[in-house]
Each structure stands twice: as C-alpha cells, then as structure tokens.
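Colleague: Sharing a structure here in structure tokens format.
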Amino acid sequence: MAIITLTSDFGPKDHFTGATKGAIYSELPDVNIVDISHNVSPFNIPEAAYIIQNAYNSFPKGTIHIIGIDSEINAENKHIAVKLDGHYFICANNGIMSMICSEIVPEKIVEINIHDKILSSFPVLDVFVKVACHIARGGTLDVIGKTITSIKPIQNIKPFVKEDQTQIIGSVIYIDNYGNVVTNIKRNFFESIQKGREFEISARSYKFKKIHKNYSDIVNFDIPIEKRQDEGRKLVVFNSGGFLEIALFKSNPKTNGSASTLLGLGIMDTVTVNFTSTPIDTTKTHIALDERF
Amino acid sequence: MAIITLTSDFGPKDHFTGATKGAIYSELPDVNIVDISHNVSPFNIPEAAYIIQNAYNSFPKGTIHIIGIDSEINAENKHIAVKLDGHYFICANNGIMSMICSEIVPEKIVEINIHDKILSSFPVLDVFVKVACHIARGGTLDVIGKTITSIKPIQNIKPFVKEDQTQIIGSVIYIDNYGNVVTNIKRNFFESIQKGREFEISARSYKFKKIHKNYSDIVNFDIPIEKRQDEGRKLVVFNSGGFLEIALFKSNPKTNGSASTLLGLGIMDTVTVNFTSTPIDTTKTHIALDERF
Amino acid sequence: MAIITLTSDFGPKDHFTGATKGAIYSELPDVNIVDISHNVSPFNIPEAAYIIQNAYNSFPKGTIHIIGIDSEINAENKHIAVKLDGHYFICANNGIMSMICSEIVPEKIVEINIHDKILSSFPVLDVFVKVACHIARGGTLDVIGKTITSIKPIQNIKPFVKEDQTQIIGSVIYIDNYGNVVTNIKRNFFESIQKGREFEISARSYKFKKIHKNYSDIVNFDIPIEKRQDEGRKLVVFNSGGFLEIALFKSNPKTNGSASTLLGLGIMDTVTVNFTSTPIDTTKTHIALDERF
C-alpha cells in the first residue's frame, strides 16, 4: 500500500488538510496518508525544509511526500516533482527541496505541466494530489512534467567558515517545540573543520565549551534528586538530526522560558564556533560526546 | 473500506479524539478514520459549518462525517443523522448542517433515538460512533431514528441584498489560519446580483474594486524581486471554496499581522459591496478574474 | 491489523511524530497508527498519565500504546513495557504508568534491555518503535526485557481523606481544552466516602453543593432561550472519565475565560469536599445526578 505524507502551513483548524485527504482517498482508496506537520509557520520555506529533511528518511523507500507551502503557481513559482534517495517529493520550486538536495543528488526533477487540464485555486488539492496518486499507481515522472536540472536555492543552508579555518559562523534555522534553538551546523561538517581542536561556541553573550550527546549528560546523578537544579540548565547537543542545538534541560517554554527566549535567539540569528588556532592531537576527539561532568 | 471523518472542538491535547478513534476501531477494525479538524473554537457552530462544508465533498460518496460540537443531548439539542449529496453526517441538531443544507436538499434526516440503550456523558464516543459504524456496515438511517423534515437554522448564512439591488451586506463567517477574512458572499450569489456592474467592496475604512482569482495576481513580475513590496498587501479573492475573502498576500499573522487584525475584522462583522446603479454591458465580466494589474 | 497509538509532548510542528510514524511503517507496513495526543505540555508526566488513562480502554484489547514523554534513557530513567488490562504500554519508567497501575494491576512489566544493540538519541524512534513492532508481530515481552515488579510513582494521584471522614482534599490534575478543571477525585472514591451525606465543594472562594451528570443540567428549559444567561455559568460534574470537574457551561476560554482562569485554579491546586458530620439516609442519593434545578 502506497504511503503519501503531508507537510503544510495549513494549520490545525482549516479544512484544507481534510479536503486534501478526501481528494486522495477519492482517487486511491488503498493508501496510507500520514501527516508530518501542518503547523509550519505560514510561507516559511526554511522551516518546512528542515522538517521534511528530518522526517522523510524514516519512511520506506517509495514514499510520496506532498509539501504544501507557498504553492500557488505563478511566473516565478512552478510546481516540481523530485525523485531523491528513493523517495518522491511534490512541491513548489521555492527552495523547500534545496536543503535536502544540498546533501543528496536528486535522481530526477521534473517541472509539472499538467496544469492546462486543471483550473485550480487550491493547487495542493488539485495538482499535487493528482501527481501523488499518479506516482502511487506506478506512473513515471516523465508523464507529468519535463525534466529540469536545477532547483531554486534558499539562503543560509550552509554555515560560513573563516578562511583560516578558525571560525564557523552558523545561523539559527529552527526553533523546536521545546523552544530549543537548532543551527545549520551539522556534526559531520563541524568535525571536518574542528579536526580535534578545542572550541568555544558563542550565542549572544553565552559561551559553551562542550557538545553533549544526550540532554541528561549534564545531570550529576551522584547528587540526591531533591538537591539537583538541572531543569532549565543550558547546554549544547548534536540533536537527533545531527544539527548543533542550544537547548535547556527539560525545557518547557510555557513555564520557565526556553533557549530561544532566554538567550534571545530567533531564526537567522548567528551562532559562532571559534577553534583554538593550533590543531591538537587528532587521534583523540575533544567533543565530550560520552563524557559526564 | 468505509471512511469516517471527525470534526470537533476537542482541541489538540485532550483524550477525546483518541478515545473516539479507539471506539470506532473496537467496533470496526477495517475503516479509514480521517481528521478534518479538532480545532474548531469551543461551541462555535458557524465555524464548524464552514469547515465541514468545504471539506466534505472532496471525500468519496458514502463517507460518514461525525461532527462533535455542542453535542450533549438535552430537550433542545437532539442528535441527527443526515444523508445529503451521497454523504452521511452525524451531529447535534444545532445549526451545523444548515449551511450545507441551504445549498443542497438532504435526501433524508433522522432524529437519532438509540439513546434509551446508551447511558452516556460523552455522546460522540457513545452515540455518534455507534451510528457511524451502523452506517459503515450498510445499515439504514431508519433503524437508528425517526425521519424529520427540517433542521435548526443558524443566522447569517446568507448575505442581505438591498431591495434596489445596489448593495450586498455580507458578514464575516470565518478567519482562516493565515488570518484571512472569509465572508458569506459566494461567487455565484455575487455574480447573480452584480450582473456585470462595477463595484466597490467596503470593509471598515478599506475599499476594494477588484476581486482576484489568485493571491499572486497582485504581483508585478516585471519589477525585480528585490524591489517588490508585495508581502502583506491587502487584496480580495474568491477563495478555493468560492467565498469572497479579504486577504493579505503571503500573510503570516505571527509576524506582520493579518487581514483580520489589520482591518479590525472579526466574526460577524460586516463587509458590504456597492454596485453602480446602472447595470452595464453584461456580456463582459468586470470582475478582474484573469487580469493582472 | 495491529493498532499502535502515539502520545507525546512532540507538539504539532516538529518532525518527531512524522518520523516515528515513518519508522513504524518501515518495519510494519500493515498497521493502524493512531495519534492520541502530541500536545502534552513538555515533560508533564501527570498530564500524559491522565490522557492515556482516559483514552486507552476505548481501543481494542491488544492495542500497543507508545508514550513519548521524558523518554531519554539515563541512570534514573529506564524504558519499560507494561502489559495491563490486555493492552501494551511502552514508555519511560517516570511515573506515566502509575495512574493506570493504581487502579489495575499490571499483568507484566519488563525493563527494556535492547539498548546495547541501538545507538540512539531519539528513543521513541529507535527503541519504542522497535519494541512496539516486536509486540505487533506477536513477540513476547520476555524477549525485549527483564521482568520487574514495581514502577516509579507520581505524587497526588489520590486525594487525601481526613481521618474522621468529613473531608476530601483533592488536587487539580488536568485543565482541558475548554479550560475546565479536572480533579483527582473519582466518582467511585467520592461515593465511598460520601455515604449519602450532603456536601460542599470548595475551590478558592467558590462553593458548590451539587454534582451534575450533564453540563446542560443547569439550564432551565422553561425560560425562553433569548432570556437565558447560562453560557459561562459555573458547575460541577463527574466528567466522562469519572473525575470530579469544575466547569463552565459552554466554556470558551478564548472569549469569556474559563473555570481555570475565572476561579484561579491551576495544576496541583487544592479542591476540597466537606461532608456533613452525620451520614444521612443512605438509601437516597443526594448527588443531583438526574435532577434539574
């Protein structure tokens, strides 16, 4: 049974998501429709790109992902279908796919050209659903569009590295449900620049010298639980998607603030990493991945 | 496989929706349960009516729609099941169905009378699920209720038209996820009064003389993208449901306000359309549907 | 077809829920995945315990419930799988199961020990999904963990009763989508202490002498509808889960405030019930269950 996922900025209340699912079932009774997120901030391409990148590859190969963000077609915003990593993505050519495509080369990209048959003011429902069901029935991308070779990029996907390799200048790309601050600095990239050197991460006036593997690494379990004051402590981790994240331990934005609010960090704000000038013994990693302190 | 949709004001957090789904699966293992919305404002009948009207007919004929808004049974609030347009609706007789029924005549309405067998303080779970599963198994409405011929109306479904046909007085019936303002003025109705005349739409102190087909119709693509200032511009469209809507281009209520907040328009507020007194050449539509400016 | 439910504090926006579903479908193509709630307040164990307790038993026996709240494994927070009442629960041993287990004795509890095979920073995805799919395929709990006999408790599950049986001191354990205030005083427990006596419920400066069966019991249907002023009136009910709840009639927190805001009652605040000292005629219940006033 085919799987079609949905990611959009339709929000939790409007009829758009329900109508889209109805249209899919009308074309394809046997299908699993899975919501990834409908709470992307309106028209926020980078947010959608982050969410879909982190969700898609848990699904089986062959899954079809509909992404409904800023999808009204016009002279500058065409519809595309992308085959990549064994998955299919259907969306507007507005940068959403550029984060994934910066890491994995697409197998095929087509610009969808079935619009002459469709009069639409709700393109997810009318166009994306048709394309998704076509693919789910085993149809090829060639039938619904013409091959193109590049897609629209978005800015700030990759952090900037100083020429002498002593500094990474990253950006905040996502604030998660816990108010934790996710940067565009990925672990592999970080380590390729770090080359074993010590480092200091700066976010506003805060400095961090360790990157943890788990949030609870900062807890000293030798102290009796009633004497600990760990909740809300700031720390840096590589999150489960591999992104450098500034977090609070057991963060609850509703009660105690969050990394985002306490550090004053929002989307596109800068987080820098400074390395010691001399690379040190590279056989030994100094990222405190498994270390408690 | 039967499809049962759910629309409610249960919100995103409480157990009600999950429990309802569990009860359906307990009666009917092979069923597709589809959420339309659980974020209807508490007890807001018009909002629910708008959402279900715009979602239901994307689903295949035979779909069963459970609507759980203000569904506690009492002397004035009976439970009904309605067959209409090939779909089944199960809800309280509180006005939710009156928006759909104002456009399409129901095939059958029954007042549900299976309550003597059920001691319930959660009618969606106990009553609506039982009725839905009965219908999904091929059962008739006659078995679960007695036929009635009319249902409770809600106010402000239809706009008011001045006797001399020079003015439509409409109401705001919905604010969507983008903060766009949806009125009760539908395209067919508008055109039947307009008869090709020019018009001016008034909402608070704002005036509009065009109704667009697409949101991006207001963009002048000849201007370089970095010089445009279209985001957040006000415009009027007939939305994908056919309703006259006052919108912002690429509206994001969290950052820049919305049509609702910037124009100060809330539910039940008035939007008027004034027509020039003399009907003009009716062979030519003056609604700027496909026109760029 | 197996049913796997999901309850978490992942929120409505992040990729975590979508990724979890993708991982389940990757292991088990034929499965029904049902969301119970992803809007549990971050790290809020009692809230999750309340939600899962009220949702789980609407599902068919054999259903597998994944609960992803505070699930990072560490020295003090182990992963467990519990078989109880014919259902399976997979979660951290952090108190979530103690509310259900205080009423129903578990058939089996195991501490999950498959972690040596898994390097994880997203335990719901990596560990809980694996365990759930193992159970869905008919696997036993013994294969994935070692039996333990007790689980971590949470506080304030049970109300306190004064030694002379004249007073119950309860706590608020949940605020629902309507802003209604749910206490830890369950109907059976209340009646076992009440023994037919009259009572007065105190919440802040408010007093209540009746517990209703239905919210609309407070409406006098003899008064013409346009003269009634019932919306927003305070009342006490046993809710559909059997918990004593302080509610507003047709409560809409967005417009008129809620029981929680108007009475100033939040989680863990106290609600007391005082009984008259002498038990009265116990053949006649004084709880106004079916009575209108």
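The chains in the structure tokens are called A, B, ... from first to last as shown; in each chain the residues are counted from 1, and the ligands are counted from 1 in the order shown.
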With only C-alpha atoms considered, list every residue of chain C at most 12 Å from chain A, as a compact mmCIF listing (two decimals) with C-alpha atoms, in the first residue's frame.
Modeller:
# COMPACT_ATOMS: atom_id res chain seq x y z
CA SER C 8 3.85 12.58 23.29
CA ASP C 9 4.95 16.12 24.02
CA PHE C 10 6.38 16.48 20.49
CA GLY C 11 3.93 19.29 19.72
CA PRO C 12 2.12 19.94 16.46
CA LYS C 13 5.01 21.29 14.40
CA ASP C 14 8.24 19.34 14.74
CA HIS C 15 9.21 16.33 12.63
CA PHE C 16 9.35 13.88 15.54
CA THR C 17 5.82 12.48 15.18
CA GLY C 18 6.08 12.09 11.41
CA ALA C 19 9.46 10.42 11.70
CA THR C 20 8.12 8.00 14.31
CA LYS C 21 5.24 7.00 12.04
CA GLY C 22 7.62 6.54 9.13
CA ALA C 23 9.78 4.25 11.24
CA ILE C 24 6.76 2.14 12.21
CA TYR C 25 5.61 1.79 8.59
CA SER C 26 9.18 0.87 7.60
CA GLU C 27 9.07 -2.08 9.99
CA LEU C 28 5.40 -2.95 9.69
CA PRO C 29 3.53 -1.96 6.51
CA ASP C 30 0.15 -3.17 7.74
CA VAL C 31 -0.62 -1.31 10.92
CA ASN C 32 -3.04 1.34 12.10
CA ILE C 33 -1.18 4.22 13.74
CA VAL C 34 -3.45 6.43 15.83
CA ASP C 35 -2.49 9.73 17.44
CA HIS C 38 1.12 15.18 20.84
CA ASN C 39 0.29 18.32 22.78
CA VAL C 40 1.10 17.14 26.27
CA SER C 41 2.93 20.03 27.94
CA PRO C 42 6.68 19.42 27.67
CA PHE C 43 7.86 16.85 30.24
CA ASN C 44 4.48 16.90 32.01
CA ILE C 45 4.10 13.37 33.36
CA ILE C 69 7.34 11.92 27.32
CA ASP C 70 10.70 12.46 29.01
CA SER C 71 11.98 9.29 27.37
CA GLU C 72 15.72 9.92 27.21
CA ILE C 73 17.32 6.97 28.92
CA ASN C 74 19.72 7.56 31.81
CA ALA C 75 20.69 6.12 35.14
CA GLU C 76 17.36 7.07 36.68
CA ASN C 77 15.04 6.89 33.70
CA LEU C 119 22.82 3.81 19.44
CA SER C 120 20.09 6.32 19.98
CA SER C 121 19.46 9.96 20.61
CA PHE C 122 15.77 9.69 19.72
CA PRO C 123 14.50 6.81 21.87
CA VAL C 124 10.88 6.89 20.72
CA LEU C 125 12.03 6.40 17.14
CA ASP C 126 14.80 3.94 17.82
CA VAL C 129 9.14 1.70 17.71
Colleague: According to DSSP computed on the backbone, where in stretch 14-258 of chain B is there alpha helix (DSSP H)? Give the residues as JSON, numbers by chain.
Modeller: {"B": [16, 17, 18, 19, 20, 21, 22, 23, 24, 25, 26, 27, 45, 46, 47, 48, 49, 50, 51, 52, 53, 54, 55, 98, 99, 100, 101, 123, 129, 130, 131, 132, 133, 134, 135, 136, 187, 188, 189, 190, 191, 192, 193, 194, 253, 254, 255, 256]}
Colleague: With a distance cut-off of 8 Å and only C-alpha atoms, select the neighbouring residues of B:Asp85, excluding the residue or stretch itself and same-chain residues fewer than 2 positions from it, and output the selection as a short mmCIF file (atom, residue, chain, number, x, y, z; two decimals) with N, CA, C and O atoms, in the first residue's frame.
Modeller:
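To be explicit, this is the file written out as selection28.cif:
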data_model
loop_
_atom_site.label_atom_id
_atom_site.label_comp_id
_atom_site.auth_asym_id
_atom_site.auth_seq_id
_atom_site.Cartn_x
_atom_site.Cartn_y
_atom_site.Cartn_z
N LYS B 61 -18.18 9.60 -2.23
CA LYS B 61 -19.58 9.37 -1.83
C LYS B 61 -19.60 8.19 -0.85
O LYS B 61 -18.83 7.23 -0.99
N LYS B 83 -28.51 12.26 5.45
CA LYS B 83 -27.92 11.83 4.19
C LYS B 83 -28.11 12.94 3.17
O LYS B 83 -29.23 13.44 2.99
N HIS B 87 -23.39 11.69 1.00
CA HIS B 87 -22.58 11.61 2.22
C HIS B 87 -23.50 11.49 3.44
O HIS B 87 -24.66 11.88 3.40
N ILE B 104 -27.91 22.37 -0.69
CA ILE B 104 -28.24 21.05 -1.22
C ILE B 104 -29.34 20.44 -0.36
O ILE B 104 -29.21 20.41 0.87
N PRO B 106 -31.27 17.78 1.58
CA PRO B 106 -30.94 16.47 2.14
C PRO B 106 -31.82 15.37 1.56
O PRO B 106 -33.01 15.61 1.29
N GLU B 107 -31.23 14.20 1.38
CA GLU B 107 -32.03 13.06 0.95
C GLU B 107 -32.86 12.51 2.10
O GLU B 107 -33.98 12.05 1.92
#
Colleague: Tell me which protein, DNA and RNA residues are within 8 Å of B:Phe128, counting only C-alpha atoms, leaving out same-chain ones fewer than 5 positions away, and put them as a JSON list (two decimals) with all heavy atoms, in the first residue's frame.
Modeller:
[["chain", "number", "residue", "atom", "x", "y", "z"],
["B", 66, "ILE", "N", -18.60, 12.48, 11.24],
["B", 66, "ILE", "CA", -19.01, 12.73, 12.62],
["B", 66, "ILE", "C", -18.59, 14.15, 12.98],
["B", 66, "ILE", "O", -17.44, 14.53, 12.79],
["B", 66, "ILE", "CB", -18.34, 11.72, 13.58],
["B", 66, "ILE", "CG1", -18.89, 10.32, 13.37],
["B", 66, "ILE", "CG2", -18.49, 12.17, 15.03],
["B", 66, "ILE", "CD1", -18.21, 9.25, 14.24],
["B", 90, "ILE", "N", -23.35, 12.98, 11.00],
["B", 90, "ILE", "CA", -23.91, 12.66, 12.31],
["B", 90, "ILE", "C", -23.50, 13.78, 13.26],
["B", 90, "ILE", "O", -22.31, 14.05, 13.43],
["B", 90, "ILE", "CB", -23.37, 11.31, 12.82],
["B", 90, "ILE", "CG1", -23.65, 10.22, 11.78],
["B", 90, "ILE", "CG2", -23.96, 10.96, 14.18],
["B", 90, "ILE", "CD1", -22.78, 8.98, 11.96],
["B", 91, "CYS", "N", -24.48, 14.44, 13.86],
["B", 91, "CYS", "CA", -24.17, 15.61, 14.70],
["B", 91, "CYS", "C", -25.36, 15.96, 15.56],
["B", 91, "CYS", "O", -26.39, 15.27, 15.51],
["B", 91, "CYS", "CB", -23.79, 16.80, 13.83],
["B", 91, "CYS", "SG", -25.04, 17.26, 12.61],
["B", 123, "PRO", "N", -21.28, 11.88, 24.24],
["B", 123, "PRO", "CA", -22.14, 11.41, 23.15],
["B", 123, "PRO", "C", -21.40, 11.09, 21.85],
["B", 123, "PRO", "O", -21.84, 10.21, 21.11],
["B", 123, "PRO", "CB", -23.13, 12.57, 22.93],
["B", 123, "PRO", "CG", -22.58, 13.73, 23.66],
["B", 123, "PRO", "CD", -21.68, 13.21, 24.73]]
Colleague: So what do you get for atom CA of B:Thr147 versus atom CA of B:Ile109, distance-wise?
Modeller: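 A separation of 5.6 Å between them.
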Colleague: Residues of stretch 34-213 of chain B classed as strand (DSSP E) by DSSP on the backbone are to be reported as number ranges by chain.
Modeller: B: 34-37, 64-68, 79-84, 87-92, 108-112, 145-147, 160-161, 167-175, 181-186, 199-203, 206-208
